[in-house]
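Participant: Sharing entry11.cif (mmCIF, C-alpha atoms) below.
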```cif
data_input
loop_
_atom_site.group_PDB
_atom_site.id
_atom_site.type_symbol
_atom_site.label_atom_id
_atom_site.label_comp_id
_atom_site.auth_asym_id
_atom_site.auth_seq_id
_atom_site.Cartn_x
_atom_site.Cartn_y
_atom_site.Cartn_z
ATOM 1 C CA MET W 1 0.000 0.000 0.000
ATOM 2 C CA ASP W 2 1.117 3.582 -0.507
ATOM 3 C CA GLU W 3 2.540 5.300 2.519
ATOM 4 C CA LEU W 4 0.589 7.469 4.903
ATOM 5 C CA ILE W 5 2.457 10.634 5.808
ATOM 6 C CA ILE W 6 1.559 12.625 8.898
ATOM 7 C CA ALA W 7 3.651 15.611 9.914
ATOM 8 C CA GLY W 8 6.494 14.417 7.717
ATOM 9 C CA ARG W 9 6.593 10.929 9.174
ATOM 10 C CA SER W 10 5.655 7.987 6.979
ATOM 11 C CA PHE W 11 3.707 4.904 7.936
ATOM 12 C CA ASN W 12 3.012 1.717 6.007
ATOM 13 C CA SER W 13 -0.248 1.053 7.830
ATOM 14 C CA ARG W 14 -3.341 3.190 7.474
ATOM 15 C CA LEU W 15 -5.021 1.611 10.477
ATOM 16 C CA MET W 16 -4.518 3.137 13.903
ATOM 17 C CA VAL W 17 -5.742 1.144 16.879
ATOM 18 C CA GLY W 18 -6.774 1.942 20.410
ATOM 19 C CA THR W 19 -5.749 0.012 23.504
ATOM 20 C CA GLY W 20 -8.851 0.482 25.658
ATOM 21 C CA LYS W 21 -11.454 -2.016 26.851
ATOM 22 C CA PHE W 22 -9.497 -5.191 26.067
ATOM 23 C CA SER W 23 -10.112 -8.122 28.394
ATOM 24 C CA SER W 24 -6.363 -8.576 28.903
ATOM 25 C CA ASN W 25 -3.032 -7.168 27.799
ATOM 26 C CA GLU W 26 -2.508 -10.354 25.784
ATOM 27 C CA ALA W 27 -5.717 -9.722 23.835
ATOM 28 C CA MET W 28 -4.641 -6.127 23.241
ATOM 29 C CA VAL W 29 -1.233 -7.174 21.937
ATOM 30 C CA ALA W 30 -2.782 -9.838 19.694
ATOM 31 C CA SER W 31 -5.092 -7.237 18.231
ATOM 32 C CA MET W 32 -2.294 -4.714 17.670
ATOM 33 C CA GLU W 33 -0.171 -7.360 15.966
ATOM 34 C CA GLY W 34 -3.018 -8.655 13.830
ATOM 35 C CA SER W 35 -3.944 -5.146 12.724
ATOM 36 C CA GLY W 36 -0.454 -4.367 11.437
ATOM 37 C CA SER W 37 -0.909 -0.939 12.970
ATOM 38 C CA GLU W 38 2.036 1.358 13.624
ATOM 39 C CA ILE W 39 0.183 3.963 15.689
ATOM 40 C CA VAL W 40 -1.550 3.032 18.930
ATOM 41 C CA THR W 41 -3.504 5.315 21.197
ATOM 42 C CA VAL W 42 -3.268 5.331 24.984
ATOM 43 C CA ALA W 43 -4.958 7.340 27.731
ATOM 44 C CA LEU W 44 -3.664 9.007 30.898
ATOM 45 C CA ARG W 45 -5.193 8.329 34.293
ATOM 46 C CA ARG W 46 -4.296 8.450 37.959
ATOM 47 C CA VAL W 47 -2.246 5.535 39.242
ATOM 48 C CA ASP W 48 -4.069 3.446 41.844
ATOM 49 C CA VAL W 49 -1.289 3.939 44.390
ATOM 50 C CA ASP W 50 -2.759 1.419 46.824
ATOM 51 C CA ASN W 51 -2.796 -1.272 44.181
ATOM 52 C CA PRO W 52 -0.169 -0.570 41.499
ATOM 53 C CA GLN W 53 -0.780 -2.462 38.271
ATOM 54 C CA ASP W 54 1.540 -3.823 35.638
ATOM 55 C CA SER W 55 2.334 -0.873 33.359
ATOM 56 C CA LEU W 56 0.688 -0.804 29.963
ATOM 57 C CA LEU W 57 3.994 0.340 28.504
ATOM 58 C CA ASN W 58 5.529 -3.036 29.326
ATOM 59 C CA HIS W 59 3.332 -4.472 26.578
ATOM 60 C CA ILE W 60 3.833 -1.941 23.795
ATOM 61 C CA ASP W 61 7.116 -2.141 21.871
ATOM 62 C CA PRO W 62 8.256 1.456 21.307
ATOM 63 C CA GLU W 63 10.377 0.353 18.331
ATOM 64 C CA ARG W 64 7.329 -0.992 16.569
ATOM 65 C CA TYR W 65 4.569 1.414 17.561
ATOM 66 C CA LEU W 66 4.269 5.162 17.767
ATOM 67 C CA LEU W 67 2.485 5.879 21.015
ATOM 68 C CA LEU W 68 -0.295 8.384 20.460
ATOM 69 C CA PRO W 69 -1.536 9.597 23.859
ATOM 70 C CA ASN W 70 -5.059 10.976 23.906
ATOM 71 C CA THR W 71 -6.601 13.628 26.099
ATOM 72 C CA SER W 72 -9.682 11.550 26.836
ATOM 73 C CA GLY W 73 -11.512 12.607 29.945
ATOM 74 C CA ALA W 74 -10.816 16.285 29.283
ATOM 75 C CA ARG W 75 -13.980 18.375 29.531
ATOM 76 C CA ASP W 76 -12.465 21.633 28.352
ATOM 77 C CA ALA W 77 -9.399 23.054 26.629
ATOM 78 C CA GLU W 78 -7.533 23.596 29.874
ATOM 79 C CA GLU W 79 -7.815 19.957 30.939
ATOM 80 C CA ALA W 80 -6.815 18.755 27.479
ATOM 81 C CA ILE W 81 -3.724 20.978 27.448
ATOM 82 C CA ARG W 82 -2.776 19.706 30.892
ATOM 83 C CA LEU W 83 -3.049 16.084 29.742
ATOM 84 C CA ALA W 84 -1.008 16.773 26.611
ATOM 85 C CA ARG W 85 1.788 18.294 28.680
ATOM 86 C CA ILE W 86 1.711 15.311 31.039
ATOM 87 C CA ALA W 87 2.011 12.959 28.057
ATOM 88 C CA ARG W 88 5.047 14.822 26.830
ATOM 89 C CA ALA W 89 6.594 14.746 30.301
ATOM 90 C CA ALA W 90 6.143 10.970 30.236
ATOM 91 C CA GLY W 91 8.770 10.921 27.537
ATOM 92 C CA CYS W 92 6.507 10.475 24.531
ATOM 93 C CA GLU W 93 7.106 12.145 21.259
ATOM 94 C CA PRO W 94 4.963 15.260 21.133
ATOM 95 C CA TRP W 95 2.108 13.619 19.250
ATOM 96 C CA ILE W 96 -1.301 14.068 20.815
ATOM 97 C CA LYS W 97 -4.749 12.871 19.911
ATOM 98 C CA LEU W 98 -6.723 15.844 21.107
ATOM 99 C CA GLU W 99 -10.189 15.084 22.391
ATOM 100 C CA VAL W 100 -12.472 17.205 24.512
ATOM 101 C CA THR W 101 -15.754 15.519 25.358
ATOM 102 C CA PRO W 102 -17.789 17.316 28.020
ATOM 103 C CA ASP W 103 -20.925 15.212 27.531
ATOM 104 C CA PRO W 104 -20.429 11.731 28.982
ATOM 105 C CA TYR W 105 -23.543 10.258 27.335
ATOM 106 C CA TYR W 106 -22.712 10.748 23.669
ATOM 107 C CA LEU W 107 -19.041 11.722 24.134
ATOM 108 C CA LEU W 108 -19.329 14.174 21.270
ATOM 109 C CA PRO W 109 -16.339 16.481 20.907
ATOM 110 C CA ASP W 110 -16.673 20.122 21.938
ATOM 111 C CA PRO W 111 -15.639 22.062 18.816
ATOM 112 C CA ILE W 112 -14.881 25.351 20.540
ATOM 113 C CA GLU W 113 -12.770 23.921 23.354
ATOM 114 C CA THR W 114 -11.008 21.530 20.958
ATOM 115 C CA LEU W 115 -10.036 24.383 18.663
ATOM 116 C CA LYS W 116 -8.818 26.495 21.592
ATOM 117 C CA ALA W 117 -6.660 23.635 22.845
ATOM 118 C CA ALA W 118 -5.358 22.915 19.332
ATOM 119 C CA GLU W 119 -4.185 26.490 18.922
ATOM 120 C CA VAL W 120 -2.254 26.386 22.192
ATOM 121 C CA LEU W 121 -0.760 22.927 21.643
ATOM 122 C CA VAL W 122 0.381 23.638 18.081
ATOM 123 C CA LYS W 123 2.201 26.719 19.399
ATOM 124 C CA GLU W 124 3.860 24.538 22.043
ATOM 125 C CA GLY W 125 5.227 22.267 19.330
ATOM 126 C CA PHE W 126 2.785 19.398 19.601
ATOM 127 C CA ILE W 127 1.744 17.377 16.561
ATOM 128 C CA VAL W 128 -1.983 17.611 17.083
ATOM 129 C CA LEU W 129 -4.502 15.081 15.779
ATOM 130 C CA PRO W 130 -7.901 16.456 16.805
ATOM 131 C CA TYR W 131 -11.005 14.328 17.255
ATOM 132 C CA ILE W 132 -13.868 16.364 15.803
ATOM 133 C CA ASN W 133 -17.425 16.027 14.713
ATOM 134 C CA ALA W 134 -17.731 15.569 10.964
ATOM 135 C CA ASP W 135 -18.023 19.296 10.343
ATOM 136 C CA PRO W 136 -16.177 20.480 7.229
ATOM 137 C CA VAL W 137 -16.004 24.093 8.429
ATOM 138 C CA LEU W 138 -14.532 23.043 11.751
ATOM 139 C CA ALA W 139 -12.061 20.799 9.928
ATOM 140 C CA LYS W 140 -10.850 23.869 8.023
ATOM 141 C CA HIS W 141 -10.433 25.824 11.238
ATOM 142 C CA MET W 142 -8.358 22.969 12.673
ATOM 143 C CA GLN W 143 -6.118 22.916 9.610
ATOM 144 C CA GLU W 144 -5.667 26.656 9.827
ATOM 145 C CA ALA W 145 -4.665 26.254 13.463
ATOM 146 C CA GLY W 146 -1.916 23.937 12.268
ATOM 147 C CA THR W 147 -3.178 20.493 13.199
ATOM 148 C CA ALA W 148 -1.415 17.540 11.575
ATOM 149 C CA THR W 149 -4.643 15.733 10.694
ATOM 150 C CA VAL W 150 -8.339 15.988 11.256
ATOM 151 C CA MET W 151 -10.156 13.049 12.847
ATOM 152 C CA PRO W 152 -13.863 13.268 12.120
ATOM 153 C CA LEU W 153 -16.146 10.777 13.800
ATOM 154 C CA GLY W 154 -18.172 8.191 11.894
ATOM 155 C CA ALA W 155 -20.542 7.760 14.831
ATOM 156 C CA PRO W 156 -20.241 8.336 18.581
ATOM 157 C CA ILE W 157 -17.368 6.514 20.296
ATOM 158 C CA GLY W 158 -17.975 2.843 20.956
ATOM 159 C CA THR W 159 -21.305 2.658 19.118
ATOM 160 C CA ASN W 160 -20.138 0.391 16.251
ATOM 161 C CA LYS W 161 -22.666 2.110 13.984
ATOM 162 C CA GLY W 162 -20.365 2.891 11.068
ATOM 163 C CA LEU W 163 -20.231 5.937 8.835
ATOM 164 C CA ARG W 164 -23.360 7.778 9.927
ATOM 165 C CA THR W 165 -21.694 11.057 8.983
ATOM 166 C CA ARG W 166 -20.772 9.846 5.508
ATOM 167 C CA ASP W 167 -21.820 12.889 3.470
ATOM 168 C CA ASN W 168 -19.976 15.353 5.687
ATOM 169 C CA ILE W 169 -16.888 13.142 5.772
ATOM 170 C CA ALA W 170 -16.921 13.182 1.966
ATOM 171 C CA ILE W 171 -16.827 16.990 2.036
ATOM 172 C CA ILE W 172 -14.017 16.990 4.595
ATOM 173 C CA ILE W 173 -12.004 14.588 2.414
ATOM 174 C CA GLU W 174 -12.639 16.740 -0.648
ATOM 175 C CA GLN W 175 -11.444 19.903 1.062
ATOM 176 C CA ALA W 176 -8.740 18.733 3.459
ATOM 177 C CA THR W 177 -5.102 19.646 3.018
ATOM 178 C CA VAL W 178 -4.051 17.391 5.908
ATOM 179 C CA PRO W 179 -4.695 13.640 6.269
ATOM 180 C CA VAL W 180 -8.268 12.725 7.221
ATOM 181 C CA VAL W 181 -8.439 9.958 9.813
ATOM 182 C CA VAL W 182 -11.937 8.638 10.399
ATOM 183 C CA ASP W 183 -12.217 7.917 14.086
ATOM 184 C CA ALA W 184 -14.941 6.502 16.286
ATOM 185 C CA GLY W 185 -17.958 4.395 15.580
ATOM 186 C CA LEU W 186 -16.395 2.033 13.044
ATOM 187 C CA GLY W 187 -17.764 -1.322 14.108
ATOM 188 C CA ALA W 188 -16.878 -3.623 11.218
ATOM 189 C CA PRO W 189 -14.141 -3.994 8.603
ATOM 190 C CA SER W 190 -16.734 -3.020 5.979
ATOM 191 C CA HIS W 191 -17.134 0.356 7.745
ATOM 192 C CA ALA W 192 -13.369 0.882 7.625
ATOM 193 C CA ALA W 193 -13.290 -0.183 3.976
ATOM 194 C CA GLU W 194 -16.096 2.245 3.182
ATOM 195 C CA ALA W 195 -14.204 5.150 4.735
ATOM 196 C CA MET W 196 -11.058 4.222 2.833
ATOM 197 C CA GLU W 197 -12.945 3.792 -0.458
ATOM 198 C CA MET W 198 -14.194 7.358 -0.016
ATOM 199 C CA GLY W 199 -10.624 8.555 0.172
ATOM 200 C CA ALA W 200 -10.019 8.800 3.894
ATOM 201 C CA ASP W 201 -6.290 8.631 4.571
ATOM 202 C CA ALA W 202 -6.589 6.364 7.607
ATOM 203 C CA VAL W 203 -9.000 5.104 10.241
ATOM 204 C CA LEU W 204 -8.781 4.568 13.977
ATOM 205 C CA VAL W 205 -10.516 1.594 15.583
ATOM 206 C CA ASN W 206 -10.712 0.452 19.183
ATOM 207 C CA THR W 207 -14.017 -0.875 20.499
ATOM 208 C CA ALA W 208 -14.708 -3.188 17.565
ATOM 209 C CA LEU W 209 -11.373 -4.892 18.210
ATOM 210 C CA ALA W 210 -11.614 -4.957 21.990
ATOM 211 C CA VAL W 211 -15.081 -6.489 22.164
ATOM 212 C CA ALA W 212 -14.491 -9.113 19.467
ATOM 213 C CA ARG W 213 -14.532 -12.734 20.554
ATOM 214 C CA ASP W 214 -11.085 -12.977 18.966
ATOM 215 C CA PRO W 215 -9.385 -9.548 19.012
ATOM 216 C CA GLY W 216 -6.332 -10.835 17.131
ATOM 217 C CA ALA W 217 -8.418 -12.159 14.238
ATOM 218 C CA MET W 218 -10.511 -8.989 14.223
ATOM 219 C CA GLY W 219 -7.306 -6.976 13.945
ATOM 220 C CA VAL W 220 -6.450 -8.962 10.812
ATOM 221 C CA ALA W 221 -9.974 -8.444 9.471
ATOM 222 C CA PHE W 222 -9.759 -4.666 9.900
ATOM 223 C CA LYS W 223 -6.303 -4.645 8.297
ATOM 224 C CA LYS W 224 -7.790 -6.326 5.240
ATOM 225 C CA GLY W 225 -10.751 -3.970 5.197
ATOM 226 C CA VAL W 226 -8.510 -0.913 5.312
ATOM 227 C CA GLU W 227 -6.203 -2.280 2.626
ATOM 228 C CA ALA W 228 -9.096 -3.275 0.367
ATOM 229 C CA GLY W 229 -10.681 0.145 0.734
ATOM 230 C CA ARG W 230 -7.461 1.999 0.059
ATOM 231 C CA GLU W 231 -6.605 -0.125 -2.980
ATOM 232 C CA ALA W 232 -10.103 0.343 -4.388
ATOM 233 C CA TYR W 233 -9.866 4.096 -3.894
ATOM 234 C CA LEU W 234 -6.526 4.210 -5.704
ATOM 235 C CA ALA W 235 -7.769 1.879 -8.439
ATOM 236 C CA GLY W 236 -10.766 4.127 -9.085
ATOM 237 C CA LEU W 237 -14.320 3.097 -8.281
ATOM 238 C CA GLY W 238 -17.050 3.168 -10.913
ATOM 239 C CA LYS W 239 -19.798 5.772 -10.731
ATOM 240 C CA GLN W 240 -23.199 4.833 -9.350
ATOM 241 C CA GLN W 241 -26.171 5.237 -11.675
ATOM 242 C CA ASP W 242 -29.827 4.244 -11.759
ATOM 243 C CA LYS W 243 -30.060 2.665 -15.212
ATOM 244 C CA ALA W 244 -28.668 -0.813 -15.743
ATOM 245 C CA GLU W 245 -25.678 -1.098 -18.003
ATOM 246 C CA ALA W 246 -24.976 -4.581 -19.309
ATOM 247 C CA SER W 247 -21.637 -6.135 -18.486
ATOM 248 C CA SER W 248 -21.991 -8.618 -21.350
ATOM 249 C CA PRO W 249 -22.026 -7.592 -25.035
ATOM 250 C CA LEU W 250 -25.396 -6.473 -26.405
ATOM 251 C CA THR W 251 -24.725 -7.940 -29.837
ATOM 252 C CA GLY W 252 -24.416 -11.469 -31.234
ATOM 253 C CA PHE W 253 -27.473 -12.873 -29.446
ATOM 254 C CA LEU W 254 -28.592 -16.371 -30.606
ATOM 255 C CA ARG W 255 -31.745 -15.083 -32.234
ATOM 256 C CA SER W 256 -32.577 -13.318 -35.445
ATOM 257 C CA MET A 1 3.078 15.374 57.694
ATOM 258 C CA ASP A 2 -0.020 15.103 55.571
ATOM 259 C CA ILE A 3 -0.312 15.442 51.813
ATOM 260 C CA THR A 4 -2.813 14.294 49.249
ATOM 261 C CA VAL A 5 -1.904 11.793 46.555
ATOM 262 C CA ASN A 6 -4.366 11.449 43.698
ATOM 263 C CA GLY A 7 -7.029 13.140 45.772
ATOM 264 C CA LYS A 8 -6.606 10.920 48.840
ATOM 265 C CA ALA A 9 -5.068 12.006 52.145
ATOM 266 C CA ARG A 10 -1.782 10.310 52.962
ATOM 267 C CA GLU A 11 0.547 10.594 55.917
ATOM 268 C CA ILE A 12 4.221 10.600 54.999
ATOM 269 C CA GLN A 13 7.533 11.071 56.801
ATOM 270 C CA ASP A 14 8.760 14.613 57.209
ATOM 271 C CA GLY A 15 11.429 15.827 54.841
ATOM 272 C CA ILE A 16 11.228 13.272 52.086
ATOM 273 C CA CYS A 17 11.375 14.123 48.409
ATOM 274 C CA ILE A 18 9.019 12.979 45.679
ATOM 275 C CA GLN A 19 11.391 10.265 44.465
ATOM 276 C CA GLU A 20 11.542 8.748 47.949
ATOM 277 C CA LEU A 21 7.775 8.698 48.162
ATOM 278 C CA LEU A 22 7.527 6.992 44.768
ATOM 279 C CA ASP A 23 10.040 4.408 45.955
ATOM 280 C CA GLN A 24 7.994 3.785 49.102
ATOM 281 C CA MET A 25 4.891 3.347 46.980
ATOM 282 C CA GLN A 26 6.882 0.978 44.741
ATOM 283 C CA LEU A 27 6.233 3.075 41.657
ATOM 284 C CA ASP A 28 8.767 3.223 38.824
ATOM 285 C CA CYS A 29 9.492 6.859 38.064
ATOM 286 C CA MET A 30 10.051 5.913 34.412
ATOM 287 C CA GLN A 31 6.435 4.858 34.118
ATOM 288 C CA VAL A 32 4.647 7.706 35.842
ATOM 289 C CA VAL A 33 4.395 11.456 35.604
ATOM 290 C CA VAL A 34 4.079 13.529 38.757
ATOM 291 C CA GLU A 35 2.298 16.825 39.183
ATOM 292 C CA HIS A 36 3.287 18.631 42.374
ATOM 293 C CA ASN A 37 0.797 21.343 43.332
ATOM 294 C CA ASN A 38 -0.305 21.447 39.675
ATOM 295 C CA ASN A 39 3.231 21.697 38.270
ATOM 296 C CA ILE A 40 4.656 18.847 36.232
ATOM 297 C CA ILE A 41 7.937 17.721 37.774
ATOM 298 C CA PRO A 42 10.453 16.465 35.199
ATOM 299 C CA ARG A 43 11.845 13.049 36.117
ATOM 300 C CA GLN A 44 15.339 14.323 36.723
ATOM 301 C CA ARG A 45 13.983 16.708 39.381
ATOM 302 C CA LEU A 46 11.949 14.194 41.390
ATOM 303 C CA ALA A 47 14.877 13.520 43.709
ATOM 304 C CA GLU A 48 15.469 17.181 44.394
ATOM 305 C CA THR A 49 11.872 18.214 44.996
ATOM 306 C CA PRO A 50 10.991 18.069 48.701
ATOM 307 C CA LEU A 51 7.443 17.530 49.920
ATOM 308 C CA ASN A 52 5.776 19.888 52.351
ATOM 309 C CA ASN A 53 2.769 19.569 54.589
ATOM 310 C CA GLY A 54 -0.428 20.144 52.609
ATOM 311 C CA ASP A 55 1.089 19.430 49.195
ATOM 312 C CA ALA A 56 -1.033 17.851 46.509
ATOM 313 C CA LEU A 57 0.470 15.231 44.220
ATOM 314 C CA GLU A 58 -0.985 13.673 41.136
ATOM 315 C CA VAL A 59 0.682 10.486 39.980
ATOM 316 C CA ILE A 60 -0.375 9.636 36.459
ATOM 317 C CA HIS A 61 0.361 6.817 34.055
ATOM 318 C CA PHE A 62 -0.739 5.405 30.732
ATOM 319 C CA VAL A 63 -3.711 3.112 30.548
ATOM 320 C CA GLY A 64 -5.538 1.598 27.614
ATOM 321 C CA GLY A 65 -7.563 4.090 25.624
ATOM 322 C CA GLY A 66 -8.884 4.864 22.194
#
```
How does this structure look as structure tokens?
Facilitator:
Amino acid sequence: MDELIIAGRSFNSRLMVGTGKFSSNEAMVASMEGSGSEIVTVALRRVDVDNPQDSLLNHIDPERYLLLPNTSGARDAEEAIRLARIARAAGCEPWIKLEVTPDPYYLLPDPIETLKAAEVLVKEGFIVLPYINADPVLAKHMQEAGTATVMPLGAPIGTNKGLRTRDNIAIIIEQATVPVVVDAGLGAPSHAAEAMEMGADAVLVNTALAVARDPGAMGVAFKKGVEAGREAYLAGLGKQQDKAEASSPLTGFLRS
Amino acid sequence: MDITVNGKAREIQDGICIQELLDQMQLDCMQVVVEHNNNIIPRQRLAETPLNNGDALEVIHFVGGG
């Protein structure tokens, strides 16, 4: 597959995966390996100091994966900026998946706070990948603020509903000057393939992998979906039309 | 003296630094980030940052997330 380039860095895989909600670290690793992903997201939370757990980082090979910390849990720009700075202090490269979700029911991103945080973080030298609603105007504002990508949602996080925002994502893809990563709501490899067929540059998947009976095999399935979609996009899909158009010749029938 | 760690009250010895507290809590400084009274403390300064009565610490690490 052709390379994905974000902020000057190239990747062979166009599938980013999350590390949340897996039943075990082994299942998470199997899924990451199956997916062929090179970018994995992680979250920041308080340590349970009374009951310290095995560190997640012991299971993620830094040579193989770019760690993409998110700002999940942030309810406003200030909290998101704080989390981004903490991630950098942890020794990560300054890549941040910016998300600001004040509403815990639908977890929809706050466009105003996300843009405010993006402006600050770009100035601080972060490579900012903002999670946004599929709003083409907002996507332009993010680009103008200097974000490295835009990450419009297909459907609310964890819903597995697929590309419910399809028409707006098409406009974002048409207009974007930075890579478009469809994030959230992709529940099946066909959803990922659909996004890639439309010309999305990459997708990010977590829940669909984590809740699968076999997360490793589902990682492989999403890898294939993403590759199929990308190859179809590059190969050039036929136009849809209402009238039938025969695939077989319309001459030489066995009748007079 | 008394401080709070991740929002919970905790009694610690007088005069210890953040690194010593992490050691007592059996936390690897390479795998956590510490905020001391809302300021991020770079790892190399954990051993030279003393704790005072009433301080608030946040000890943060990576967990799975999407």
Participant: Which value, in Å to one decimal, gives the distance between CA of Gly34 (chain W) and CA of Phe11 (chain W)?
Facilitator: 16.2 Å
Participant: Grab the CA of Met198 (chain W) to CA of Ala184 (chain W) distance for me, in Å with one decimal place.
Facilitator: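 Those two atoms sit 16.3 Å apart.
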Participant: Give me the chain W side of the contact with chain A, cut-off 10 Å, one line per residue showing its nearest atom pair and distance in Å at one decimal, counting only C-alpha atoms, sorted by chain and residue number, as a tab-separated table.
Facilitator:
```
residue	atom	partner	partner_atom	distance
W:Met16	CA	A:Gly66	CA	9.5
W:Val17	CA	A:Gly66	CA	7.2
W:Gly18	CA	A:Gly66	CA	4.0
W:Thr19	CA	A:Gly64	CA	4.4
W:Gly20	CA	A:Gly65	CA	3.8
W:Lys21	CA	A:Gly64	CA	7.0
W:Phe22	CA	A:Gly64	CA	8.0
W:Asn25	CA	A:Gly64	CA	9.1
W:Met28	CA	A:Gly64	CA	8.9
W:Val40	CA	A:Gly66	CA	8.2
W:Thr41	CA	A:Gly66	CA	5.5
W:Val42	CA	A:Gly65	CA	4.5
W:Ala43	CA	A:Gly65	CA	4.7
W:Leu44	CA	A:Phe62	CA	4.6
W:Arg45	CA	A:Ile60	CA	5.4
W:Arg46	CA	A:Ile60	CA	4.4
W:Val47	CA	A:Ile60	CA	5.3
W:Asp48	CA	A:Asn6	CA	8.2
W:Val49	CA	A:Met25	CA	6.7
W:Asp50	CA	A:Met25	CA	7.9
W:Asn51	CA	A:Met25	CA	9.4
W:Pro52	CA	A:Leu27	CA	7.4
W:Gln53	CA	A:Leu27	CA	9.6
W:Ser55	CA	A:Gln31	CA	7.1
W:Leu56	CA	A:Val63	CA	5.9
W:Leu57	CA	A:Phe62	CA	7.3
W:Asn58	CA	A:Gln31	CA	9.3
W:Leu68	CA	A:Gly66	CA	9.4
W:Pro69	CA	A:Phe62	CA	8.1
W:Asn70	CA	A:Gly66	CA	7.4
W:Thr71	CA	A:Gly65	CA	9.6
W:Ser72	CA	A:Gly65	CA	7.8
W:Arg82	CA	A:Ile40	CA	9.2
W:Leu83	CA	A:Ile60	CA	9.7
W:Arg85	CA	A:Ile40	CA	8.1
W:Ile86	CA	A:Val33	CA	6.6
W:Ala87	CA	A:Val33	CA	8.1
W:Arg88	CA	A:Val33	CA	9.4
W:Ala89	CA	A:Pro42	CA	6.5
W:Ala90	CA	A:Val33	CA	5.7
W:Gly91	CA	A:Met30	CA	8.6
W:Lys97	CA	A:Gly66	CA	9.3
W:Ile157	CA	A:Gly66	CA	8.8
W:Gly158	CA	A:Gly66	CA	9.4
W:Asp183	CA	A:Gly66	CA	9.3
W:Ala184	CA	A:Gly66	CA	8.6
W:Leu204	CA	A:Gly66	CA	8.2
W:Val205	CA	A:Gly66	CA	7.6
W:Asn206	CA	A:Gly66	CA	5.6
W:Thr207	CA	A:Gly66	CA	7.9
```
Participant: For the residues in the current selection, export C-alpha atoms as a CSV table (one decimal), in the frame of the given file.
Facilitator:
```csv
chain,number,residue,atom,x,y,z
W,16,MET,CA,-4.5,3.1,13.9
W,17,VAL,CA,-5.7,1.1,16.9
W,18,GLY,CA,-6.8,1.9,20.4
W,19,THR,CA,-5.7,0.0,23.5
W,20,GLY,CA,-8.9,0.5,25.7
W,21,LYS,CA,-11.5,-2.0,26.9
W,22,PHE,CA,-9.5,-5.2,26.1
W,25,ASN,CA,-3.0,-7.2,27.8
W,28,MET,CA,-4.6,-6.1,23.2
W,40,VAL,CA,-1.6,3.0,18.9
W,41,THR,CA,-3.5,5.3,21.2
W,42,VAL,CA,-3.3,5.3,25.0
W,43,ALA,CA,-5.0,7.3,27.7
W,44,LEU,CA,-3.7,9.0,30.9
W,45,ARG,CA,-5.2,8.3,34.3
W,46,ARG,CA,-4.3,8.4,38.0
W,47,VAL,CA,-2.2,5.5,39.2
W,48,ASP,CA,-4.1,3.4,41.8
W,49,VAL,CA,-1.3,3.9,44.4
W,50,ASP,CA,-2.8,1.4,46.8
W,51,ASN,CA,-2.8,-1.3,44.2
W,52,PRO,CA,-0.2,-0.6,41.5
W,53,GLN,CA,-0.8,-2.5,38.3
W,55,SER,CA,2.3,-0.9,33.4
W,56,LEU,CA,0.7,-0.8,30.0
W,57,LEU,CA,4.0,0.3,28.5
W,58,ASN,CA,5.5,-3.0,29.3
W,68,LEU,CA,-0.3,8.4,20.5
W,69,PRO,CA,-1.5,9.6,23.9
W,70,ASN,CA,-5.1,11.0,23.9
W,71,THR,CA,-6.6,13.6,26.1
W,72,SER,CA,-9.7,11.6,26.8
W,82,ARG,CA,-2.8,19.7,30.9
W,83,LEU,CA,-3.0,16.1,29.7
W,85,ARG,CA,1.8,18.3,28.7
W,86,ILE,CA,1.7,15.3,31.0
W,87,ALA,CA,2.0,13.0,28.1
W,88,ARG,CA,5.0,14.8,26.8
W,89,ALA,CA,6.6,14.7,30.3
W,90,ALA,CA,6.1,11.0,30.2
W,91,GLY,CA,8.8,10.9,27.5
W,97,LYS,CA,-4.7,12.9,19.9
W,157,ILE,CA,-17.4,6.5,20.3
W,158,GLY,CA,-18.0,2.8,21.0
W,183,ASP,CA,-12.2,7.9,14.1
W,184,ALA,CA,-14.9,6.5,16.3
W,204,LEU,CA,-8.8,4.6,14.0
W,205,VAL,CA,-10.5,1.6,15.6
W,206,ASN,CA,-10.7,0.5,19.2
W,207,THR,CA,-14.0,-0.9,20.5
```
Participant: For the PyMOL selection byres ((chain W and resi 115) around 12), applied here, can you spell out every residue it catches as a VMD selection string?
Facilitator: chain W and resid 76 to 78 80 to 81 98 to 100 109 to 114 116 to 122 128 to 133 137 to 147 150
Participant: On this file, the PyMOL selection byres ((chain A and resi 51) around 6) gives some set of residues; write that set as a list in words.
Facilitator: Cys17, Pro50 and Asn52 of chain A
Participant: Mind pulling up the distance from CA of Ala195 (chain W) to CA of Val181 (chain W)?
Facilitator: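 Going from CA of Val181 (chain W) over to CA of Ala195 (chain W), I get 9.1 Å.
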Participant: Could you state which residues are captured by the PyMOL selection byres ((chain A and resi 12) around 6) in this file, as a ChimeraX atom specification?
Facilitator: /A:1,11,13
Participant: Could you tell me which of W:Leu163, W:Val220, W:Ala192, W:Met1 comes closest to Ser37 (chain W) if we count only C-alpha atoms?
Facilitator: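 Residue with the minimum atom-to-atom distance to Ser37 (chain W): W:Val220.
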Participant: Quick one: residues within 7 Å of Gln19 (chain A), all atoms listed in the file, excluding same-chain residues fewer than 4 positions away - as a ChimeraX atom specification?
Facilitator: /A:23,46-47
Participant: If the box runs along x, y and z of the file and leaves 4 Å on each side of region 43-50 of chain A, what are its centre and edge lengths in Å, one decimal, as AutoDock Vina command-line options?
Facilitator:
```
--center_x 13.2 --center_y 15.6 --center_z 42.4 --size_x 12.5 --size_y 13.2 --size_z 20.6
```
Participant: Using only C-alpha atoms, find the one residue out of A:Asp2, A:Gln44, A:Asp55, A:Asn37 that sits nearest to Asp14 (chain A).
Facilitator: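 The closest residue to Asp14 (chain A) is A:Asp2.
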